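With PDB, C-alpha atoms inside, this is start11.pdb:
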MODEL        1
ATOM      1  CA  MET L   1    -122.658-174.534  45.329
ATOM      2  CA  THR L   2    -121.262-171.124  44.536
ATOM      3  CA  SER L   3    -122.867-167.767  43.840
ATOM      4  CA  GLU L   4    -121.931-165.332  41.110
ATOM      5  CA  THR L   5    -120.230-163.072  43.645
ATOM      6  CA  SER L   6    -118.058-165.896  44.964
ATOM      7  CA  THR L   7    -116.470-166.585  41.581
ATOM      8  CA  SER L   8    -114.444-163.348  41.517
ATOM      9  CA  THR L   9    -110.733-163.662  42.258
ATOM     10  CA  ASN L  10    -108.139-161.167  43.481
ATOM     11  CA  THR L  11    -105.714-161.699  40.644
ATOM     12  CA  ALA L  12    -103.082-159.153  39.726
ATOM     13  CA  PRO L  13    -103.565-157.287  36.438
ATOM     14  CA  ASP L  14    -101.840-158.716  33.407
ATOM     15  CA  ALA L  15     -98.648-156.607  33.244
ATOM     16  CA  SER L  16     -98.424-157.104  29.493
ATOM     17  CA  LYS L  17    -101.743-155.296  29.041
ATOM     18  CA  LEU L  18    -100.933-152.181  31.142
ATOM     19  CA  THR L  19    -101.109-149.087  28.931
ATOM     20  CA  TYR L  20     -99.839-146.550  31.455
ATOM     21  CA  ARG L  21     -97.049-146.969  33.956
ATOM     22  CA  PRO L  22     -96.455-143.991  36.286
ATOM     23  CA  ARG L  23     -93.137-145.515  37.312
ATOM     24  CA  ARG L  24     -91.752-144.751  33.845
ATOM     25  CA  LEU L  25     -91.316-141.130  34.899
ATOM     26  CA  ARG L  26     -89.628-142.021  38.194
ATOM     27  CA  ARG L  27     -86.859-144.205  36.813
ATOM     28  CA  THR L  28     -83.982-141.694  36.791
ATOM     29  CA  GLU L  29     -83.136-138.502  38.655
ATOM     30  CA  ALA L  30     -83.201-136.541  35.387
ATOM     31  CA  LEU L  31     -86.756-137.734  34.705
ATOM     32  CA  ARG L  32     -87.875-136.963  38.249
ATOM     33  CA  ARG L  33     -86.490-133.433  38.013
ATOM     34  CA  MET L  34     -88.105-132.896  34.629
ATOM     35  CA  VAL L  35     -91.634-133.710  35.844
ATOM     36  CA  ARG L  36     -91.301-132.368  39.382
ATOM     37  CA  GLU L  37     -94.393-130.357  40.318
ATOM     38  CA  THR L  38     -92.925-128.330  43.191
ATOM     39  CA  ASN L  39     -89.448-126.843  43.244
ATOM     40  CA  LEU L  40     -88.019-125.184  46.331
ATOM     41  CA  THR L  41     -85.651-122.301  45.565
ATOM     42  CA  VAL L  42     -83.760-119.758  47.620
ATOM     43  CA  ASP L  43     -86.148-117.100  46.289
ATOM     44  CA  ASP L  44     -88.901-118.672  48.387
ATOM     45  CA  LEU L  45     -87.088-118.051  51.670
ATOM     46  CA  ILE L  46     -87.237-115.282  54.272
ATOM     47  CA  TYR L  47     -84.713-115.517  57.121
ATOM     48  CA  PRO L  48     -85.962-114.578  60.621
ATOM     49  CA  MET L  49     -83.110-113.081  62.655
ATOM     50  CA  PHE L  50     -82.684-111.958  66.262
ATOM     51  CA  VAL L  51     -80.869-108.730  67.147
ATOM     52  CA  MET L  52     -79.763-107.520  70.584
ATOM     53  CA  GLU L  53     -77.911-104.565  72.049
ATOM     54  CA  GLY L  54     -74.139-104.564  72.530
ATOM     55  CA  GLU L  55     -71.092-105.188  70.361
ATOM     56  CA  ASP L  56     -69.191-108.165  68.994
ATOM     57  CA  GLN L  57     -71.394-110.824  70.597
ATOM     58  CA  LYS L  58     -73.628-113.644  69.516
ATOM     59  CA  PHE L  59     -75.357-116.178  71.724
ATOM     60  CA  GLU L  60     -76.776-119.474  70.536
ATOM     61  CA  ILE L  61     -80.409-120.012  71.521
ATOM     62  CA  THR L  62     -80.444-123.187  73.607
ATOM     63  CA  SER L  63     -83.776-124.468  72.286
ATOM     64  CA  MET L  64     -82.906-123.506  68.681
ATOM     65  CA  PRO L  65     -79.479-124.993  67.890
ATOM     66  CA  GLY L  66     -77.791-123.081  65.077
ATOM     67  CA  CYS L  67     -79.798-119.905  65.677
ATOM     68  CA  TYR L  68     -78.276-116.907  67.417
ATOM     69  CA  ARG L  69     -78.993-113.574  68.996
ATOM     70  CA  TYR L  70     -76.613-111.134  67.296
ATOM     71  CA  THR L  71     -75.396-107.692  68.224
ATOM     72  CA  LEU L  72     -75.813-105.303  65.325
ATOM     73  CA  ASP L  73     -72.209-105.440  64.099
ATOM     74  CA  LEU L  74     -72.248-109.235  63.830
ATOM     75  CA  LEU L  75     -75.785-109.231  62.437
ATOM     76  CA  LEU L  76     -74.597-107.056  59.558
ATOM     77  CA  ARG L  77     -71.827-109.528  58.745
ATOM     78  CA  GLU L  78     -74.290-112.412  58.781
ATOM     79  CA  ILE L  79     -76.727-110.551  56.546
ATOM     80  CA  ALA L  80     -73.973-109.747  54.042
ATOM     81  CA  GLU L  81     -73.125-113.463  53.942
ATOM     82  CA  ILE L  82     -76.668-114.718  53.471
ATOM     83  CA  TYR L  83     -77.325-112.109  50.784
ATOM     84  CA  GLN L  84     -74.396-113.540  48.830
ATOM     85  CA  LEU L  85     -76.087-116.938  49.119
ATOM     86  CA  GLY L  86     -79.164-115.512  47.403
ATOM     87  CA  ILE L  87     -81.451-114.909  50.383
ATOM     88  CA  GLY L  88     -83.313-111.739  49.494
ATOM     89  CA  ALA L  89     -85.221-110.916  52.677
ATOM     90  CA  VAL L  90     -84.786-110.948  56.443
ATOM     91  CA  ALA L  91     -87.395-110.610  59.176
ATOM     92  CA  LEU L  92     -86.136-108.838  62.303
ATOM     93  CA  PHE L  93     -87.006-109.680  65.891
ATOM     94  CA  PRO L  94     -85.497-107.637  68.738
ATOM     95  CA  VAL L  95     -84.277-108.763  72.153
ATOM     96  CA  ILE L  96     -85.240-105.856  74.404
ATOM     97  CA  PRO L  97     -83.609-105.378  77.829
ATOM     98  CA  GLU L  98     -86.017-105.471  80.763
ATOM     99  CA  VAL L  99     -85.091-101.925  81.736
ATOM    100  CA  LYS L 100     -86.566-100.668  78.435
ATOM    101  CA  LYS L 101     -89.853-102.540  78.751
ATOM    102  CA  ASP L 102     -93.048-101.045  80.139
ATOM    103  CA  ASP L 103     -96.746-101.858  80.270
ATOM    104  CA  THR L 104     -97.517-100.150  76.953
ATOM    105  CA  GLY L 105     -94.436-101.091  74.903
ATOM    106  CA  SER L 106     -93.504 -97.468  74.277
ATOM    107  CA  GLU L 107     -89.939 -98.438  73.305
ATOM    108  CA  SER L 108     -91.423-100.030  70.177
ATOM    109  CA  TYR L 109     -91.816 -96.647  68.463
ATOM    110  CA  ASN L 110     -88.653 -94.991  69.765
ATOM    111  CA  PRO L 111     -86.990 -93.502  66.645
ATOM    112  CA  GLU L 112     -83.602 -94.388  68.178
ATOM    113  CA  GLY L 113     -84.719 -97.838  69.312
ATOM    114  CA  LEU L 114     -82.958-101.114  68.556
ATOM    115  CA  VAL L 115     -85.201-102.041  65.619
ATOM    116  CA  GLN L 116     -85.028 -98.604  64.049
ATOM    117  CA  GLN L 117     -81.229 -98.434  64.343
ATOM    118  CA  THR L 118     -80.920-101.954  62.953
ATOM    119  CA  VAL L 119     -83.076-101.188  59.914
ATOM    120  CA  LYS L 120     -81.050 -98.083  59.097
ATOM    121  CA  ALA L 121     -77.771 -99.974  59.423
ATOM    122  CA  ILE L 122     -78.911-102.873  57.241
ATOM    123  CA  LYS L 123     -80.184-100.594  54.493
ATOM    124  CA  GLN L 124     -76.843 -98.806  54.498
ATOM    125  CA  ALA L 125     -74.719-101.967  54.557
ATOM    126  CA  VAL L 126     -76.785-104.229  52.252
ATOM    127  CA  PRO L 127     -79.238-101.855  50.571
ATOM    128  CA  LYS L 128     -80.796-104.376  48.199
ATOM    129  CA  ILE L 129     -81.914-106.879  50.819
ATOM    130  CA  LEU L 130     -85.557-106.590  51.866
ATOM    131  CA  VAL L 131     -86.022-105.778  55.534
ATOM    132  CA  ILE L 132     -89.252-106.957  57.162
ATOM    133  CA  THR L 133     -90.048-105.631  60.627
ATOM    134  CA  ASP L 134     -92.350-107.229  63.174
ATOM    135  CA  VAL L 135     -95.235-105.084  64.441
ATOM    136  CA  ALA L 136     -96.233-106.472  67.849
ATOM    137  CA  LEU L 137     -95.774-105.346  71.415
ATOM    138  CA  ASP L 138     -94.787-108.558  73.197
ATOM    139  CA  PRO L 139     -90.989-108.029  72.995
ATOM    140  CA  PHE L 140     -91.456-104.534  74.460
ATOM    141  CA  THR L 141     -93.952-105.116  77.292
ATOM    142  CA  THR L 142     -93.293-106.128  80.867
ATOM    143  CA  HIS L 143     -96.199-108.581  80.745
ATOM    144  CA  GLY L 144     -95.257-110.245  77.438
ATOM    145  CA  HIS L 145     -98.617-109.770  75.727
ATOM    146  CA  ASP L 146     -99.143-108.334  72.265
ATOM    147  CA  GLY L 147    -101.444-105.601  73.518
ATOM    148  CA  ILE L 148    -102.318-103.118  76.204
ATOM    149  CA  VAL L 149    -103.648-104.874  79.314
ATOM    150  CA  ASP L 150    -106.301-103.369  81.596
ATOM    151  CA  GLU L 151    -106.592-103.805  85.360
ATOM    152  CA  ASN L 152    -108.676-106.969  84.863
ATOM    153  CA  GLY L 153    -106.106-108.623  82.606
ATOM    154  CA  MET L 154    -108.061-108.031  79.385
ATOM    155  CA  ILE L 155    -106.161-107.228  76.197
ATOM    156  CA  LEU L 156    -107.520-103.939  74.851
ATOM    157  CA  ASN L 157    -107.881-103.955  71.088
ATOM    158  CA  ASP L 158    -108.251-100.337  69.953
ATOM    159  CA  PRO L 159    -105.703 -98.735  72.312
ATOM    160  CA  THR L 160    -103.252-101.408  71.167
ATOM    161  CA  VAL L 161    -103.869-100.571  67.509
ATOM    162  CA  GLU L 162    -102.949 -96.949  68.222
ATOM    163  CA  ILE L 163     -99.542 -98.076  69.516
ATOM    164  CA  LEU L 164     -99.067-100.473  66.604
ATOM    165  CA  VAL L 165     -99.639 -97.620  64.157
ATOM    166  CA  LYS L 166     -96.922 -95.569  65.861
ATOM    167  CA  MET L 167     -94.618 -98.574  65.755
ATOM    168  CA  ALA L 168     -95.206 -99.223  62.047
ATOM    169  CA  LEU L 169     -94.659 -95.555  61.182
ATOM    170  CA  SER L 170     -91.366 -95.452  63.069
ATOM    171  CA  GLN L 171     -90.195 -98.581  61.239
ATOM    172  CA  ALA L 172     -91.194 -97.128  57.872
ATOM    173  CA  GLU L 173     -89.338 -93.910  58.672
ATOM    174  CA  ALA L 174     -86.230 -95.957  59.513
ATOM    175  CA  GLY L 175     -86.398 -97.601  56.069
ATOM    176  CA  SER L 176     -88.299-100.844  56.557
ATOM    177  CA  ASP L 177     -89.414-102.320  53.245
ATOM    178  CA  MET L 178     -92.294-104.262  54.754
ATOM    179  CA  VAL L 179     -94.081-104.106  58.095
ATOM    180  CA  ALA L 180     -95.523-107.319  59.460
ATOM    181  CA  PRO L 181     -98.272-106.963  62.083
ATOM    182  CA  SER L 182     -98.223-110.234  64.019
ATOM    183  CA  ASP L 183    -100.369-109.164  66.969
ATOM    184  CA  MET L 184    -103.803-110.315  65.742
ATOM    185  CA  MET L 185    -105.654-107.219  66.935
ATOM    186  CA  ASP L 186    -108.814-106.513  64.935
ATOM    187  CA  GLY L 187    -108.521-103.696  62.402
ATOM    188  CA  ARG L 188    -104.796-103.139  62.727
ATOM    189  CA  VAL L 189    -103.978-103.742  59.041
ATOM    190  CA  GLY L 190    -106.412-101.052  57.907
ATOM    191  CA  ALA L 191    -105.223 -98.583  60.534
ATOM    192  CA  ILE L 192    -101.569 -99.140  59.616
ATOM    193  CA  ARG L 193    -102.263 -98.838  55.881
ATOM    194  CA  LYS L 194    -104.160 -95.599  56.373
ATOM    195  CA  ALA L 195    -101.400 -94.114  58.524
ATOM    196  CA  LEU L 196     -98.602 -95.181  56.181
ATOM    197  CA  ASP L 197    -100.357 -93.660  53.183
ATOM    198  CA  ALA L 198    -101.136 -90.438  55.052
ATOM    199  CA  GLU L 199     -97.443 -90.016  55.907
ATOM    200  CA  GLY L 200     -96.289 -90.692  52.339
ATOM    201  CA  TYR L 201     -95.143 -94.295  52.833
ATOM    202  CA  ILE L 202     -97.384 -95.631  50.106
ATOM    203  CA  ASP L 203     -94.742 -98.117  48.919
ATOM    204  CA  VAL L 204     -94.148 -99.712  52.305
ATOM    205  CA  ARG L 205     -95.785-103.119  52.086
ATOM    206  CA  ILE L 206     -97.821-104.944  54.710
ATOM    207  CA  LEU L 207     -97.205-108.630  55.349
ATOM    208  CA  ALA L 208    -100.183-109.530  57.516
ATOM    209  CA  TYR L 209    -100.070-112.400  59.966
ATOM    210  CA  SER L 210    -103.646-113.097  58.947
ATOM    211  CA  ALA L 211    -104.163-116.621  60.277
ATOM    212  CA  LYS L 212    -101.939-116.763  63.342
ATOM    213  CA  TYR L 213    -102.904-119.534  65.706
ATOM    214  CA  ALA L 214    -102.503-119.724  69.497
ATOM    215  CA  SER L 215     -99.949-122.469  69.125
ATOM    216  CA  ALA L 216     -97.716-124.480  71.439
ATOM    217  CA  TYR L 217     -95.086-124.459  68.681
ATOM    218  CA  TYR L 218     -93.877-120.959  69.627
ATOM    219  CA  GLY L 219     -92.030-121.940  72.798
ATOM    220  CA  PRO L 220     -88.414-121.678  71.578
ATOM    221  CA  PHE L 221     -89.105-118.307  69.918
ATOM    222  CA  ARG L 222     -90.330-116.915  73.225
ATOM    223  CA  ASP L 223     -87.149-118.217  74.830
ATOM    224  CA  ALA L 224     -85.139-116.377  72.193
ATOM    225  CA  LEU L 225     -86.801-113.039  72.913
ATOM    226  CA  ASP L 226     -87.656-113.630  76.571
ATOM    227  CA  SER L 227     -91.181-112.595  75.595
ATOM    228  CA  ALA L 228     -93.409-115.312  77.052
ATOM    229  CA  PRO L 229     -96.586-113.885  78.631
ATOM    230  CA  LYS L 230     -96.222-113.371  82.377
ATOM    231  CA  PHE L 231     -99.852-114.395  82.952
ATOM    232  CA  GLY L 232    -102.554-116.245  81.049
ATOM    233  CA  ASP L 233    -102.173-117.068  77.370
ATOM    234  CA  LYS L 234    -102.871-115.491  73.979
ATOM    235  CA  LYS L 235    -106.055-117.352  73.123
ATOM    236  CA  THR L 236    -108.299-114.262  73.286
ATOM    237  CA  TYR L 237    -106.547-112.747  70.275
ATOM    238  CA  GLN L 238    -104.678-115.516  68.442
ATOM    239  CA  MET L 239    -106.787-118.112  66.645
ATOM    240  CA  ASP L 240    -108.146-121.387  67.993
ATOM    241  CA  ALA L 241    -106.126-124.286  66.564
ATOM    242  CA  ALA L 242    -109.372-126.160  65.796
ATOM    243  CA  ASN L 243    -110.725-123.524  63.376
ATOM    244  CA  ALA L 244    -110.327-123.439  59.602
ATOM    245  CA  ARG L 245    -113.227-121.336  58.276
ATOM    246  CA  GLU L 246    -112.236-118.552  60.641
ATOM    247  CA  ALA L 247    -108.844-118.364  58.915
ATOM    248  CA  ILE L 248    -110.510-117.448  55.640
ATOM    249  CA  LYS L 249    -112.540-114.768  57.411
ATOM    250  CA  GLU L 250    -109.356-113.281  58.885
ATOM    251  CA  VAL L 251    -107.609-113.378  55.503
ATOM    252  CA  GLU L 252    -110.586-111.760  53.794
ATOM    253  CA  LEU L 253    -110.651-108.931  56.340
ATOM    254  CA  ASP L 254    -106.912-108.274  56.049
ATOM    255  CA  ILE L 255    -107.098-108.161  52.265
ATOM    256  CA  ALA L 256    -109.983-105.699  52.445
ATOM    257  CA  GLU L 257    -107.928-103.559  54.829
ATOM    258  CA  GLY L 258    -104.938-103.379  52.488
ATOM    259  CA  ALA L 259    -102.616-106.330  53.128
ATOM    260  CA  ASP L 260    -100.135-106.988  50.326
ATOM    261  CA  ILE L 261     -99.217-110.498  51.492
ATOM    262  CA  VAL L 262    -101.135-112.775  53.866
ATOM    263  CA  MET L 263     -99.574-115.355  56.130
ATOM    264  CA  VAL L 264    -100.423-118.556  57.948
ATOM    265  CA  LYS L 265     -98.541-119.343  61.179
ATOM    266  CA  PRO L 266     -97.470-122.033  62.118
ATOM    267  CA  ALA L 267     -96.941-124.005  58.915
ATOM    268  CA  LEU L 268     -96.609-127.761  59.393
ATOM    269  CA  ALA L 269     -99.662-128.417  61.543
ATOM    270  CA  TYR L 270    -101.639-126.018  59.320
ATOM    271  CA  LEU L 271    -100.854-127.182  55.782
ATOM    272  CA  ASP L 272    -104.587-127.533  55.181
ATOM    273  CA  ILE L 273    -105.042-123.861  56.095
ATOM    274  CA  ILE L 274    -102.254-122.818  53.723
ATOM    275  CA  ARG L 275    -104.032-124.680  50.906
ATOM    276  CA  GLN L 276    -107.402-123.121  51.712
ATOM    277  CA  VAL L 277    -105.904-119.638  51.816
ATOM    278  CA  ARG L 278    -104.065-120.289  48.542
ATOM    279  CA  ASN L 279    -107.343-121.306  46.918
ATOM    280  CA  PHE L 280    -109.103-118.236  48.314
ATOM    281  CA  THR L 281    -106.823-115.407  47.194
ATOM    282  CA  GLN L 282    -104.572-114.344  44.352
ATOM    283  CA  LEU L 283    -102.306-112.433  46.743
ATOM    284  CA  PRO L 284     -98.953-113.962  47.658
ATOM    285  CA  VAL L 285     -99.287-116.378  50.569
ATOM    286  CA  ALA L 286     -96.553-116.729  53.182
ATOM    287  CA  ALA L 287     -96.141-119.421  55.819
ATOM    288  CA  TYR L 288     -94.010-119.355  58.954
ATOM    289  CA  ASN L 289     -92.025-122.525  59.656
ATOM    290  CA  VAL L 290     -91.886-121.688  63.347
ATOM    291  CA  SER L 291     -89.370-122.278  66.125
ATOM    292  CA  GLY L 292     -90.988-125.419  67.523
ATOM    293  CA  GLU L 293     -91.003-127.033  64.089
ATOM    294  CA  TYR L 294     -87.341-126.103  63.699
ATOM    295  CA  ALA L 295     -86.413-127.384  67.161
ATOM    296  CA  MET L 296     -88.068-130.783  66.644
ATOM    297  CA  ILE L 297     -86.051-131.452  63.499
ATOM    298  CA  LYS L 298     -82.830-130.302  65.154
ATOM    299  CA  ALA L 299     -83.435-132.459  68.225
ATOM    300  CA  ALA L 300     -84.223-135.563  66.180
ATOM    301  CA  ALA L 301     -81.141-134.979  64.017
ATOM    302  CA  GLN L 302     -78.882-134.559  67.056
ATOM    303  CA  ASN L 303     -80.118-137.925  68.298
ATOM    304  CA  GLY L 304     -79.353-139.537  64.964
ATOM    305  CA  TRP L 305     -82.985-140.421  64.331
ATOM    306  CA  ILE L 306     -83.390-138.675  60.975
ATOM    307  CA  ASP L 307     -81.376-137.515  57.971
ATOM    308  CA  GLU L 308     -81.440-133.800  58.806
ATOM    309  CA  LYS L 309     -80.797-132.312  55.366
ATOM    310  CA  LYS L 310     -83.334-134.547  53.639
ATOM    311  CA  VAL L 311     -85.993-133.850  56.278
ATOM    312  CA  ILE L 312     -85.405-130.086  56.061
ATOM    313  CA  LEU L 313     -85.846-130.080  52.295
ATOM    314  CA  GLU L 314     -88.874-132.373  52.443
ATOM    315  CA  THR L 315     -90.470-130.203  55.125
ATOM    316  CA  LEU L 316     -90.041-126.925  53.273
ATOM    317  CA  THR L 317     -91.113-128.499  49.987
ATOM    318  CA  SER L 318     -94.317-129.692  51.677
ATOM    319  CA  ILE L 319     -95.048-126.133  52.810
ATOM    320  CA  LYS L 320     -94.562-124.819  49.300
ATOM    321  CA  ARG L 321     -96.579-127.704  47.824
ATOM    322  CA  ALA L 322     -99.448-126.788  50.150
ATOM    323  CA  GLY L 323     -99.566-123.366  48.492
ATOM    324  CA  ALA L 324     -97.072-121.046  50.166
ATOM    325  CA  ASP L 325     -95.244-118.647  47.880
ATOM    326  CA  LEU L 326     -92.921-117.485  50.660
ATOM    327  CA  ILE L 327     -91.571-119.353  53.689
ATOM    328  CA  LEU L 328     -90.172-117.740  56.804
ATOM    329  CA  THR L 329     -87.790-120.336  58.151
ATOM    330  CA  TYR L 330     -84.790-120.575  60.472
ATOM    331  CA  PHE L 331     -83.454-123.152  58.015
ATOM    332  CA  ALA L 332     -83.047-120.477  55.326
ATOM    333  CA  LYS L 333     -79.255-120.252  55.464
ATOM    334  CA  GLU L 334     -78.804-124.035  55.627
ATOM    335  CA  VAL L 335     -81.116-124.505  52.654
ATOM    336  CA  ALA L 336     -79.400-121.754  50.693
ATOM    337  CA  LEU L 337     -76.079-123.507  51.249
ATOM    338  CA  MET L 338     -77.584-126.833  50.118
ATOM    339  CA  LEU L 339     -79.097-125.309  46.992
ATOM    340  CA  HIS L 340     -76.013-123.175  46.309
ATOM    341  CA  ARG L 341     -73.859-126.260  46.080
TER     342      ARG L 341
ENDMDL
END
As a first step, turn the structure in this file into C-alpha cells.
Amino acid sequence: MTSETSTSTNTAPDASKLTYRPRRLRRTEALRRMVRETNLTVDDLIYPMFVMEGEDQKFEITSMPGCYRYTLDLLLREIAEIYQLGIGAVALFPVIPEVKKDDTGSESYNPEGLVQQTVKAIKQAVPKILVITDVALDPFTTHGHDGIVDENGMILNDPTVEILVKMALSQAEAGSDMVAPSDMMDGRVGAIRKALDAEGYIDVRILAYSAKYASAYYGPFRDALDSAPKFGDKKTYQMDAANAREAIKEVELDIAEGADIVMVKPALAYLDIIRQVRNFTQLPVAAYNVSGEYAMIKAAAQNGWIDEKKVILETLTSIKRAGADLILTYFAKEVALMLHR
C-alpha cells in the first residue's frame, strides 16, 4: 500500500521541454565576455609602494615576494614604468629610520621629511599620476602605535588628531593629491577637512580608511615598515573583526565629516562589508587587498599549489564584484602587465 506522497519520483526534467538554458551564454569565450557582469581594468587599481632613504637601492620584502622598499631615485623609475602601463595612482608608505622616530611621531609633519620629499619628486617626474599619502603615526613612532600613548599605555584620541592634522597639511603642501587617514581616531576626517580648507587646499581629497579592522592580515606590511606595535595591539582603535553594523556607522560618520572616498580594509575576509558599504553610499568605495592576502597567494604559488595569475585575477575580480570601485593592491603592476598584453 502506498500513499500519495510516496508516488513522487526524482526524475530529471525532460530536456526537450526546457525553455531556458543558462549554459547557452557560457559556450564560447566571446559570449562569456559579452555578458560578463564584472570587468576588472587597470583603472580600478591603486599601487601601494614603499620608499626609504638612501640612493640606488631596493630591497625585496621577505614576507612579500615581488614587493620592494625603494630609495627615491629607483622609486621614480618604477613609478614612470607603472604609469606607462596605465596605473594612475600610487599610495606611499615610508620606511623611517629609528633615529628619526619619537613618541609623538613629529617627523611625520617635517616639511623636509621623506614623504614630503618623495611627493614633490613624484609630482615633478610624473606629474599626472595621483599621489596618495598615508596619514598615520605608526611608521614614525618608537612604540609603533597610530597615536599618542600616555603613561598608562592608552592611545589618546584628540592629541593624536592634532598631530594628524599637521601631517596632512604638510603632505598637501608638498603636493599630495589625496590624503588617506588610516589611523582610526575618532573625528580625524572632519578635523583634517577643516584644516585643509582653511589653508586653501580645498581640492585635496580625503580617502578615509573608514572600516579598518584590527586584522591579523597586516603582518607582512608591518615587516615592510618595521612598524609593528612594541606593546599590546590596536584593538582599542581599529575595528573588531566580528562587527558589521559598526562599519556602516564609521562610514556614515566619515562621510558626514567630509570624506571623498571611503575604504574597507582588509578586503577578502570582509567582502560582505564591502557590499554593505556599497549599498549604503553613493561615494566611491575602495578596498585594500592587504599584505597578508598578497603573501598567501604568493606562498601557495611558489609551492606550485595554485595557478598564480588566474587566482590573482579571480581574487581582484571578487573584490570588485563585491562593490569596490577602487582596489589598493600589491598585485597592481602584475595585473597591469596581464591586462596590457
Picked residues, the PyMOL selection byres ((chain L and resi 132-145) around 8), as a PyMOL selection string: chain L and resi 89-96+98+100-108+115+130-131+146-149+155+164+167-168+171+176-183+225-231+234
Selection to disk with C-alpha atoms, as a compact mmCIF listing (two decimals), keeping the file's coordinate frame:
# COMPACT_ATOMS: atom_id res chain seq x y z
CA ALA L 89 -85.22 -110.92 52.68
CA VAL L 90 -84.79 -110.95 56.44
CA ALA L 91 -87.40 -110.61 59.18
CA LEU L 92 -86.14 -108.84 62.30
CA PHE L 93 -87.01 -109.68 65.89
CA PRO L 94 -85.50 -107.64 68.74
CA VAL L 95 -84.28 -108.76 72.15
CA ILE L 96 -85.24 -105.86 74.40
CA GLU L 98 -86.02 -105.47 80.76
CA LYS L 100 -86.57 -100.67 78.44
CA LYS L 101 -89.85 -102.54 78.75
CA ASP L 102 -93.05 -101.04 80.14
CA ASP L 103 -96.75 -101.86 80.27
CA THR L 104 -97.52 -100.15 76.95
CA GLY L 105 -94.44 -101.09 74.90
CA SER L 106 -93.50 -97.47 74.28
CA GLU L 107 -89.94 -98.44 73.31
CA SER L 108 -91.42 -100.03 70.18
CA VAL L 115 -85.20 -102.04 65.62
CA LEU L 130 -85.56 -106.59 51.87
CA VAL L 131 -86.02 -105.78 55.53
CA ASP L 146 -99.14 -108.33 72.26
CA GLY L 147 -101.44 -105.60 73.52
CA ILE L 148 -102.32 -103.12 76.20
CA VAL L 149 -103.65 -104.87 79.31
CA ILE L 155 -106.16 -107.23 76.20
CA LEU L 164 -99.07 -100.47 66.60
CA MET L 167 -94.62 -98.57 65.76
CA ALA L 168 -95.21 -99.22 62.05
CA GLN L 171 -90.20 -98.58 61.24
CA SER L 176 -88.30 -100.84 56.56
CA ASP L 177 -89.41 -102.32 53.24
CA MET L 178 -92.29 -104.26 54.75
CA VAL L 179 -94.08 -104.11 58.10
CA ALA L 180 -95.52 -107.32 59.46
CA PRO L 181 -98.27 -106.96 62.08
CA SER L 182 -98.22 -110.23 64.02
CA ASP L 183 -100.37 -109.16 66.97
CA LEU L 225 -86.80 -113.04 72.91
CA ASP L 226 -87.66 -113.63 76.57
CA SER L 227 -91.18 -112.60 75.60
CA ALA L 228 -93.41 -115.31 77.05
CA PRO L 229 -96.59 -113.88 78.63
CA LYS L 230 -96.22 -113.37 82.38
CA PHE L 231 -99.85 -114.40 82.95
CA LYS L 234 -102.87 -115.49 73.98
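With CA of Ala191 (chain L) on one side and CA of Ala286 (chain L) on the other, the separation reads 21.4 Å.
Between CA of Asn303 (chain L) and CA of Cys67 (chain L) the separation is 18.2 Å.
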Long-range neighbours of region 319-334 of chain L as a PyMOL selection string, 6 Å cut-off, all atoms listed in the file, 5 positions minimum in chain: chain L and resi 38+44-47+271+274-275+278+284-289
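Nearest to Arg77 (chain L) of all the residues L:Ser63, L:His340, L:Met296, L:Val126 is L:Val126, based on all atoms listed in the file.
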Emit region 62-74 of chain L of the structure in the block as a file comprising N, CA and C atoms, as an mmCIF file, in the first residue's frame.
data_model
loop_
_atom_site.group_PDB
_atom_site.id
_atom_site.type_symbol
_atom_site.label_atom_id
_atom_site.label_comp_id
_atom_site.auth_asym_id
_atom_site.auth_seq_id
_atom_site.Cartn_x
_atom_site.Cartn_y
_atom_site.Cartn_z
ATOM 1 N N THR L 62 60.870 40.202 2.517
ATOM 2 C CA THR L 62 60.915 38.739 2.617
ATOM 3 C C THR L 62 59.526 38.116 2.629
ATOM 4 N N SER L 63 58.611 38.695 3.392
ATOM 5 C CA SER L 63 57.265 38.125 3.505
ATOM 6 C C SER L 63 56.318 38.581 2.397
ATOM 7 N N MET L 64 56.832 39.402 1.460
ATOM 8 C CA MET L 64 56.026 39.880 0.332
ATOM 9 C C MET L 64 56.836 39.754 -0.953
ATOM 10 N N PRO L 65 57.053 38.539 -1.430
ATOM 11 C CA PRO L 65 57.883 38.346 -2.630
ATOM 12 C C PRO L 65 57.393 39.190 -3.806
ATOM 13 N N GLY L 66 58.322 39.889 -4.445
ATOM 14 C CA GLY L 66 57.959 40.746 -5.571
ATOM 15 C C GLY L 66 57.678 42.175 -5.191
ATOM 16 N N CYS L 67 57.648 42.462 -3.884
ATOM 17 C CA CYS L 67 57.467 43.833 -3.402
ATOM 18 C C CYS L 67 58.785 44.322 -2.802
ATOM 19 N N TYR L 68 59.052 45.616 -2.976
ATOM 20 C CA TYR L 68 60.345 46.155 -2.592
ATOM 21 C C TYR L 68 60.214 47.452 -1.809
ATOM 22 N N ARG L 69 61.212 47.701 -0.985
ATOM 23 C CA ARG L 69 61.467 49.035 -0.456
ATOM 24 C C ARG L 69 62.417 49.706 -1.436
ATOM 25 N N TYR L 70 62.040 50.899 -1.920
ATOM 26 C CA TYR L 70 62.854 51.606 -2.901
ATOM 27 C C TYR L 70 63.431 52.881 -2.308
ATOM 28 N N THR L 71 64.659 53.214 -2.671
ATOM 29 C CA THR L 71 65.116 54.586 -2.459
ATOM 30 C C THR L 71 64.440 55.455 -3.503
ATOM 31 N N LEU L 72 64.425 56.750 -3.266
ATOM 32 C CA LEU L 72 63.614 57.652 -4.082
ATOM 33 C C LEU L 72 63.972 57.584 -5.560
ATOM 34 N N ASP L 73 65.266 57.527 -5.884
ATOM 35 C CA ASP L 73 65.655 57.512 -7.295
ATOM 36 C C ASP L 73 65.089 56.300 -8.027
ATOM 37 N N LEU L 74 65.148 55.132 -7.383
ATOM 38 C CA LEU L 74 64.617 53.924 -8.019
ATOM 39 C C LEU L 74 63.094 53.893 -7.978
#
